[in-house]
>>> print(open('structure_7.pdb').read())   # PDB, C-alpha atoms
MODEL        1
ATOM      1  CA  MET A   1      98.147  91.472  40.649
ATOM      2  CA  THR A   2     101.379  92.450  42.359
ATOM      3  CA  MET A   3     101.806  91.507  46.005
ATOM      4  CA  ARG A   4     103.083  94.322  48.216
ATOM      5  CA  TRP A   5     104.952  92.261  50.802
ATOM      6  CA  PRO A   6     105.450  94.908  53.515
ATOM      7  CA  GLU A   7     101.693  95.529  53.560
ATOM      8  CA  ALA A   8     100.828  91.822  53.571
ATOM      9  CA  ILE A   9     103.286  90.972  56.342
ATOM     10  CA  ILE A  10     102.248  93.820  58.634
ATOM     11  CA  GLY A  11      98.619  93.100  57.728
ATOM     12  CA  GLN A  12      99.000  89.740  59.461
ATOM     13  CA  LEU A  13      99.985  91.481  62.699
ATOM     14  CA  GLU A  14      97.303  94.146  62.310
ATOM     15  CA  PHE A  15      94.578  91.530  61.982
ATOM     16  CA  TYR A  16      95.788  89.697  65.076
ATOM     17  CA  TRP A  17      96.094  92.959  67.018
ATOM     18  CA  ASP A  18      92.739  94.424  65.968
ATOM     19  CA  PHE A  19      90.593  91.298  66.287
ATOM     20  CA  HIS A  20      92.324  89.137  68.879
ATOM     21  CA  LEU A  21      94.800  90.712  71.285
ATOM     22  CA  ARG A  22      93.849  94.372  71.645
ATOM     23  CA  PRO A  23      90.145  93.717  72.382
ATOM     24  CA  ARG A  24      91.193  91.213  75.076
ATOM     25  CA  LEU A  25      93.161  93.923  76.904
ATOM     26  CA  GLU A  26      90.000  95.940  77.559
ATOM     27  CA  GLY A  27      89.022  95.960  81.225
ATOM     28  CA  LEU A  28      92.410  94.747  82.475
ATOM     29  CA  THR A  29      92.714  95.695  86.158
ATOM     30  CA  ASP A  30      95.835  96.425  88.161
ATOM     31  CA  ASP A  31      95.229  93.325  90.315
ATOM     32  CA  GLU A  32      94.950  91.119  87.239
ATOM     33  CA  TYR A  33      97.971  92.795  85.596
ATOM     34  CA  LEU A  34     100.222  91.797  88.522
ATOM     35  CA  TRP A  35      98.432  88.539  89.475
ATOM     36  CA  GLU A  36     100.782  85.617  90.121
ATOM     37  CA  PRO A  37      98.950  82.382  89.317
ATOM     38  CA  VAL A  38     101.701  80.217  90.879
ATOM     39  CA  GLY A  39     104.642  80.728  93.185
ATOM     40  CA  GLY A  40     107.943  81.721  91.636
ATOM     41  CA  CYS A  41     106.461  83.777  88.802
ATOM     42  CA  TRP A  42     108.565  86.270  86.974
ATOM     43  CA  SER A  43     106.961  89.693  87.140
ATOM     44  CA  LEU A  44     107.806  93.354  87.538
ATOM     45  CA  ARG A  45     109.393  94.097  90.920
ATOM     46  CA  PRO A  46     110.590  97.268  92.609
ATOM     47  CA  GLY A  47     114.363  97.579  92.655
ATOM     48  CA  PRO A  48     116.491  99.195  95.373
ATOM     49  CA  ASP A  49     115.753 102.623  93.879
ATOM     50  CA  GLY A  50     112.004 101.929  93.830
ATOM     51  CA  ALA A  51     111.838 101.751  90.022
ATOM     52  CA  LEU A  52     110.285  98.617  88.560
ATOM     53  CA  PHE A  53     112.474  96.063  86.841
ATOM     54  CA  MET A  54     111.524  92.998  84.827
ATOM     55  CA  GLU A  55     112.714  89.707  86.308
ATOM     56  CA  GLN A  56     114.791  87.602  83.935
ATOM     57  CA  THR A  57     118.087  85.789  83.686
ATOM     58  CA  GLU A  58     120.355  84.953  80.780
ATOM     59  CA  PRO A  59     120.172  82.192  79.885
ATOM     60  CA  ALA A  60     116.600  81.579  80.973
ATOM     61  CA  PRO A  61     116.111  78.483  83.113
ATOM     62  CA  GLU A  62     114.614  75.352  81.575
ATOM     63  CA  PRO A  63     111.704  75.282  81.804
ATOM     64  CA  PRO A  64     111.280  79.045  82.102
ATOM     65  CA  PRO A  65     109.166  80.355  84.984
ATOM     66  CA  VAL A  66     105.507  81.215  84.565
ATOM     67  CA  THR A  67     105.188  84.939  83.989
ATOM     68  CA  THR A  68     102.573  87.522  84.909
ATOM     69  CA  ILE A  69     100.514  89.547  82.472
ATOM     70  CA  ALA A  70     102.700  92.514  83.475
ATOM     71  CA  TRP A  71     105.846  90.632  82.441
ATOM     72  CA  ARG A  72     104.351  89.597  79.087
ATOM     73  CA  MET A  73     103.048  93.082  78.305
ATOM     74  CA  VAL A  74     106.402  94.687  79.041
ATOM     75  CA  HIS A  75     108.129  92.032  76.957
ATOM     76  CA  ILE A  76     105.849  92.788  73.987
ATOM     77  CA  GLY A  77     105.797  96.561  74.425
ATOM     78  CA  ARG A  78     109.412  97.210  75.305
ATOM     79  CA  ASP A  79     111.529  94.276  74.111
ATOM     80  CA  VAL A  80     109.699  92.837  71.100
ATOM     81  CA  LEU A  81     108.271  95.990  69.505
ATOM     82  CA  GLY A  82     109.473  99.107  71.332
ATOM     83  CA  ILE A  83     113.246  98.747  71.243
ATOM     84  CA  ARG A  84     113.161  97.323  67.707
ATOM     85  CA  ALA A  85     110.955 100.192  66.488
ATOM     86  CA  ARG A  86     113.307 102.760  67.998
ATOM     87  CA  ALA A  87     116.399 100.964  66.649
ATOM     88  CA  PHE A  88     115.138 100.801  63.064
ATOM     89  CA  PHE A  89     112.731 103.741  62.819
ATOM     90  CA  GLY A  90     114.013 106.200  65.479
ATOM     91  CA  PRO A  91     114.252 108.229  67.507
ATOM     92  CA  HIS A  92     117.741 107.209  68.529
ATOM     93  CA  GLU A  93     119.692 110.460  68.585
ATOM     94  CA  GLY A  94     123.017 109.842  70.261
ATOM     95  CA  LEU A  95     122.463 106.086  70.098
ATOM     96  CA  GLU A  96     123.136 105.460  66.422
ATOM     97  CA  ASP A  97     125.416 102.574  67.476
ATOM     98  CA  ALA A  98     122.563 100.803  69.317
ATOM     99  CA  ASP A  99     121.406  97.460  68.003
ATOM    100  CA  MET A 100     117.904  96.012  68.255
ATOM    101  CA  TRP A 101     118.511  94.678  71.798
ATOM    102  CA  ASP A 102     120.061  97.779  73.292
ATOM    103  CA  GLN A 103     118.152  98.687  76.476
ATOM    104  CA  ARG A 104     119.354 102.293  76.163
ATOM    105  CA  LEU A 105     116.719 102.681  73.456
ATOM    106  CA  TRP A 106     114.044 102.267  76.145
ATOM    107  CA  PRO A 107     114.870 104.613  79.015
ATOM    108  CA  ASP A 108     111.191 104.938  79.950
ATOM    109  CA  PRO A 109     110.073 103.583  83.333
ATOM    110  CA  LEU A 110     108.229 100.279  83.276
ATOM    111  CA  PRO A 111     104.461 100.547  83.732
ATOM    112  CA  GLY A 112     103.188  99.732  87.223
ATOM    113  CA  THR A 113      99.511  99.856  86.282
ATOM    114  CA  ALA A 114      97.382  98.095  83.705
ATOM    115  CA  ALA A 115      96.367 101.396  82.090
ATOM    116  CA  ASP A 116      99.993 102.497  81.738
ATOM    117  CA  ALA A 117     100.947  99.089  80.307
ATOM    118  CA  ILE A 118      98.167  99.229  77.717
ATOM    119  CA  ALA A 119      99.291 102.729  76.716
ATOM    120  CA  MET A 120     102.910 101.514  76.402
ATOM    121  CA  VAL A 121     101.948  98.485  74.303
ATOM    122  CA  ASP A 122      99.650 100.580  72.092
ATOM    123  CA  ALA A 123     102.396 103.149  71.466
ATOM    124  CA  ALA A 124     105.073 100.534  70.736
ATOM    125  CA  TYR A 125     102.738  98.647  68.393
ATOM    126  CA  ALA A 126     101.797 101.831  66.499
ATOM    127  CA  HIS A 127     105.461 102.864  66.159
ATOM    128  CA  TRP A 128     106.484  99.439  64.823
ATOM    129  CA  ARG A 129     103.436  99.072  62.536
ATOM    130  CA  ASP A 130     103.868 102.552  61.050
ATOM    131  CA  GLY A 131     107.592 101.984  60.479
ATOM    132  CA  VAL A 132     107.043  98.681  58.707
ATOM    133  CA  ARG A 133     104.128 100.071  56.675
ATOM    134  CA  ALA A 134     106.433 102.804  55.353
ATOM    135  CA  LEU A 135     108.937 100.266  53.966
ATOM    136  CA  ASP A 136     108.940  99.558  50.272
ATOM    137  CA  ASP A 137     109.672  96.161  48.738
ATOM    138  CA  ALA A 138     113.391  96.897  48.402
ATOM    139  CA  ALA A 139     113.717  98.038  52.040
ATOM    140  CA  ILE A 140     111.956  94.990  53.468
ATOM    141  CA  GLU A 141     114.315  92.733  51.512
ATOM    142  CA  GLN A 142     117.468  94.501  52.761
ATOM    143  CA  PRO A 143     119.705  92.892  55.396
ATOM    144  CA  LEU A 144     119.306  94.354  58.880
ATOM    145  CA  GLY A 145     122.932  95.426  59.028
ATOM    146  CA  PRO A 146     124.626  96.416  62.308
ATOM    147  CA  LYS A 147     121.309  97.137  64.039
ATOM    148  CA  GLY A 148     120.527  93.425  63.667
ATOM    149  CA  ALA A 149     123.634  92.430  65.686
ATOM    150  CA  TRP A 150     124.276  88.715  65.076
ATOM    151  CA  PHE A 151     121.268  88.679  62.697
ATOM    152  CA  ALA A 152     122.831  91.413  60.516
ATOM    153  CA  GLU A 153     122.532  89.312  57.344
ATOM    154  CA  ASP A 154     118.837  88.502  57.888
ATOM    155  CA  THR A 155     116.298  90.638  56.065
ATOM    156  CA  MET A 156     113.853  93.075  57.584
ATOM    157  CA  ALA A 157     111.094  90.754  56.295
ATOM    158  CA  ALA A 158     112.500  87.922  58.404
ATOM    159  CA  LEU A 159     112.549  90.170  61.472
ATOM    160  CA  VAL A 160     108.978  91.384  60.902
ATOM    161  CA  LEU A 161     107.718  87.814  60.522
ATOM    162  CA  HIS A 162     109.594  86.785  63.671
ATOM    163  CA  LEU A 163     108.132  89.686  65.667
ATOM    164  CA  ASN A 164     104.639  88.852  64.391
ATOM    165  CA  ARG A 165     105.103  85.376  65.846
ATOM    166  CA  GLU A 166     106.446  86.782  69.124
ATOM    167  CA  VAL A 167     103.469  89.128  69.563
ATOM    168  CA  MET A 168     101.009  86.347  68.717
ATOM    169  CA  ALA A 169     102.604  83.826  71.074
ATOM    170  CA  HIS A 170     102.937  86.196  74.030
ATOM    171  CA  GLY A 171      99.554  87.737  73.304
ATOM    172  CA  ALA A 172      97.943  84.288  73.473
ATOM    173  CA  GLU A 173      99.643  83.756  76.834
ATOM    174  CA  ILE A 174      98.202  87.042  78.112
ATOM    175  CA  CYS A 175      94.740  85.954  76.967
ATOM    176  CA  LEU A 176      95.131  82.582  78.694
ATOM    177  CA  LEU A 177      96.215  84.264  81.936
ATOM    178  CA  ARG A 178      93.136  86.484  81.724
ATOM    179  CA  ASP A 179      90.962  83.372  81.256
ATOM    180  CA  LEU A 180      92.556  81.681  84.275
ATOM    181  CA  TYR A 181      92.171  84.800  86.419
ATOM    182  CA  ARG A 182      88.483  84.995  85.496
ATOM    183  CA  ALA A 183      87.989  81.230  86.047
ATOM    184  CA  GLU A 184      89.314  81.573  89.590
ATOM    185  CA  GLY A 185      86.421  83.931  90.278
ATOM    186  CA  ARG A 186      88.584  87.006  90.780
TER     187      ARG A 186
ENDMDL
END
>>> encode(input="structure_7.pdb", output="structure tokens")
Amino acid sequence: MTMRWPEAIIGQLEFYWDFHLRPRLEGLTDDEYLWEPVGGCWSLRPGPDGALFMEQTEPAPEPPPVTTIAWRMVHIGRDVLGIRARAFFGPHEGLEDADMWDQRLWPDPLPGTAADAIAMVDAAYAHWRDGVRALDDAAIEQPLGPKGAWFAEDTMAALVLHLNREVMAHGAEICLLRDLYRAEGR
């Protein structure tokens, strides 16, 4: 039997998504989405223009701040999956020079509600999953090239495996925050 690596690698993420993370997003409320379990959390905040922005600094402090569910969902939906999906699988008309971290690939406003965040994460996941599923064995073994920036020599397979880990780690954190919110009797 021949192993089809693109299918096996994305299958790992699909299983996690379908049986672990996505079911745990059901019933997420706006209060829970923006809940700050401790002081000093990073979250989504309104900027001077009223649009939401995601709190972060480069480099991140050590240890990094606790983050809200909103922060984690935007990180997964926009940064981990969304921008990468648009960089590698389009659309990126007029931004062909953009690499996989280029914020211009995500001009959409950040979601201020739980329902909007779930829709954003669902769309980003579907875009990434469908793009990876369409790769053949040769394409998944190719170096990322300029879109990979300083990871240009790494393969698409390495990126997909890394993003699987990112989604699983941040997804587990979302689930834990939901457990803590519920345990507080909210």
>>> atom_distance(input="structure_7.pdb", atom1="CA of Glu153 in chain A", atom2="CA of Pro64 in chain A")
29.1 Å
>>> resolve_selection(input="structure_7.pdb", expression="the PyMOL selection byres ((chain A and resi 110) around 12)", output="ChimeraX atom specification")
/A:43-47,50-55,70-71,73-75,77-79,106-109,111-121
>>> resolve_selection(input="structure_7.pdb", expression="the PyMOL selection byres ((chain A and resi 139) around 9)", output="ChimeraX atom specification")
/A:6,135-138,140-143,155-157
>>> atom_distance(input="structure_7.pdb", atom1="CA of Arg129 in chain A", atom2="CA of Ile69 in chain A")
22.3 Å
>>> atom_distance(input="structure_7.pdb", atom1="CA of Tyr16 in chain A", atom2="CA of Asp154 in chain A")
24.2 Å
>>> residues_around(input="structure_7.pdb", residues="range 90-94 of chain A", least_positions_apart="6", cutoff="12 Å", atoms="all atoms listed in the file", output="PDB file with C-alpha atoms, keeping the file's coordinate frame")
ATOM      1  CA  GLY A  82     109.473  99.107  71.332  1.00  0.00           C
ATOM      2  CA  ILE A  83     113.246  98.747  71.243  1.00  0.00           C
ATOM      3  CA  ARG A  84     113.161  97.323  67.707  1.00  0.00           C
ATOM      4  CA  MET A 100     117.904  96.012  68.255  1.00  0.00           C
ATOM      5  CA  ASP A 102     120.061  97.779  73.292  1.00  0.00           C
ATOM      6  CA  GLN A 103     118.152  98.687  76.476  1.00  0.00           C
ATOM      7  CA  ARG A 104     119.354 102.293  76.163  1.00  0.00           C
ATOM      8  CA  LEU A 105     116.719 102.681  73.456  1.00  0.00           C
ATOM      9  CA  TRP A 106     114.044 102.267  76.145  1.00  0.00           C
ATOM     10  CA  PRO A 107     114.870 104.613  79.015  1.00  0.00           C
ATOM     11  CA  ALA A 124     105.073 100.534  70.736  1.00  0.00           C
ATOM     12  CA  HIS A 127     105.461 102.864  66.159  1.00  0.00           C
ATOM     13  CA  TRP A 128     106.484  99.439  64.823  1.00  0.00           C
ATOM     14  CA  ASP A 130     103.868 102.552  61.050  1.00  0.00           C
ATOM     15  CA  GLY A 131     107.592 101.984  60.479  1.00  0.00           C
ATOM     16  CA  LYS A 147     121.309  97.137  64.039  1.00  0.00           C
TER      17      LYS A 147
END
>>> residues_around(input="structure_7.pdb", residues="Phe151 in chain A", least_positions_apart="5", cutoff="12 Å", atoms="only C-alpha atoms", output="number ranges by chain")
A: 99-101, 143-146, 156, 158-159, 162
>>> closest_residue(input="structure_7.pdb", among="A:Leu161, A:Leu21, A:Ala169, A:Leu177", to="Ala8 in chain A", atoms="only C-alpha atoms")
A:Leu161
>>> closest_residue(input="structure_7.pdb", among="A:Trp17, A:Phe89, A:Tyr33, A:Tyr181", to="Arg165 in chain A", atoms="only C-alpha atoms")
A:Trp17
>>> closest_residue(input="structure_7.pdb", among="A:Asp49, A:Pro59, A:Asp31, A:Ile76", to="Ile174 in chain A", atoms="all atoms listed in the file")
A:Ile76
>>> closest_residue(input="structure_7.pdb", among="A:Ala87, A:Arg133, A:Pro37, A:Glu14", to="Glu184 in chain A", atoms="only C-alpha atoms")
A:Pro37
>>> resolve_selection(input="structure_7.pdb", expression="the PyMOL selection byres ((chain A and resi 39) around 12)", output="number ranges by chain")
A: 35-38, 40-43, 65-68
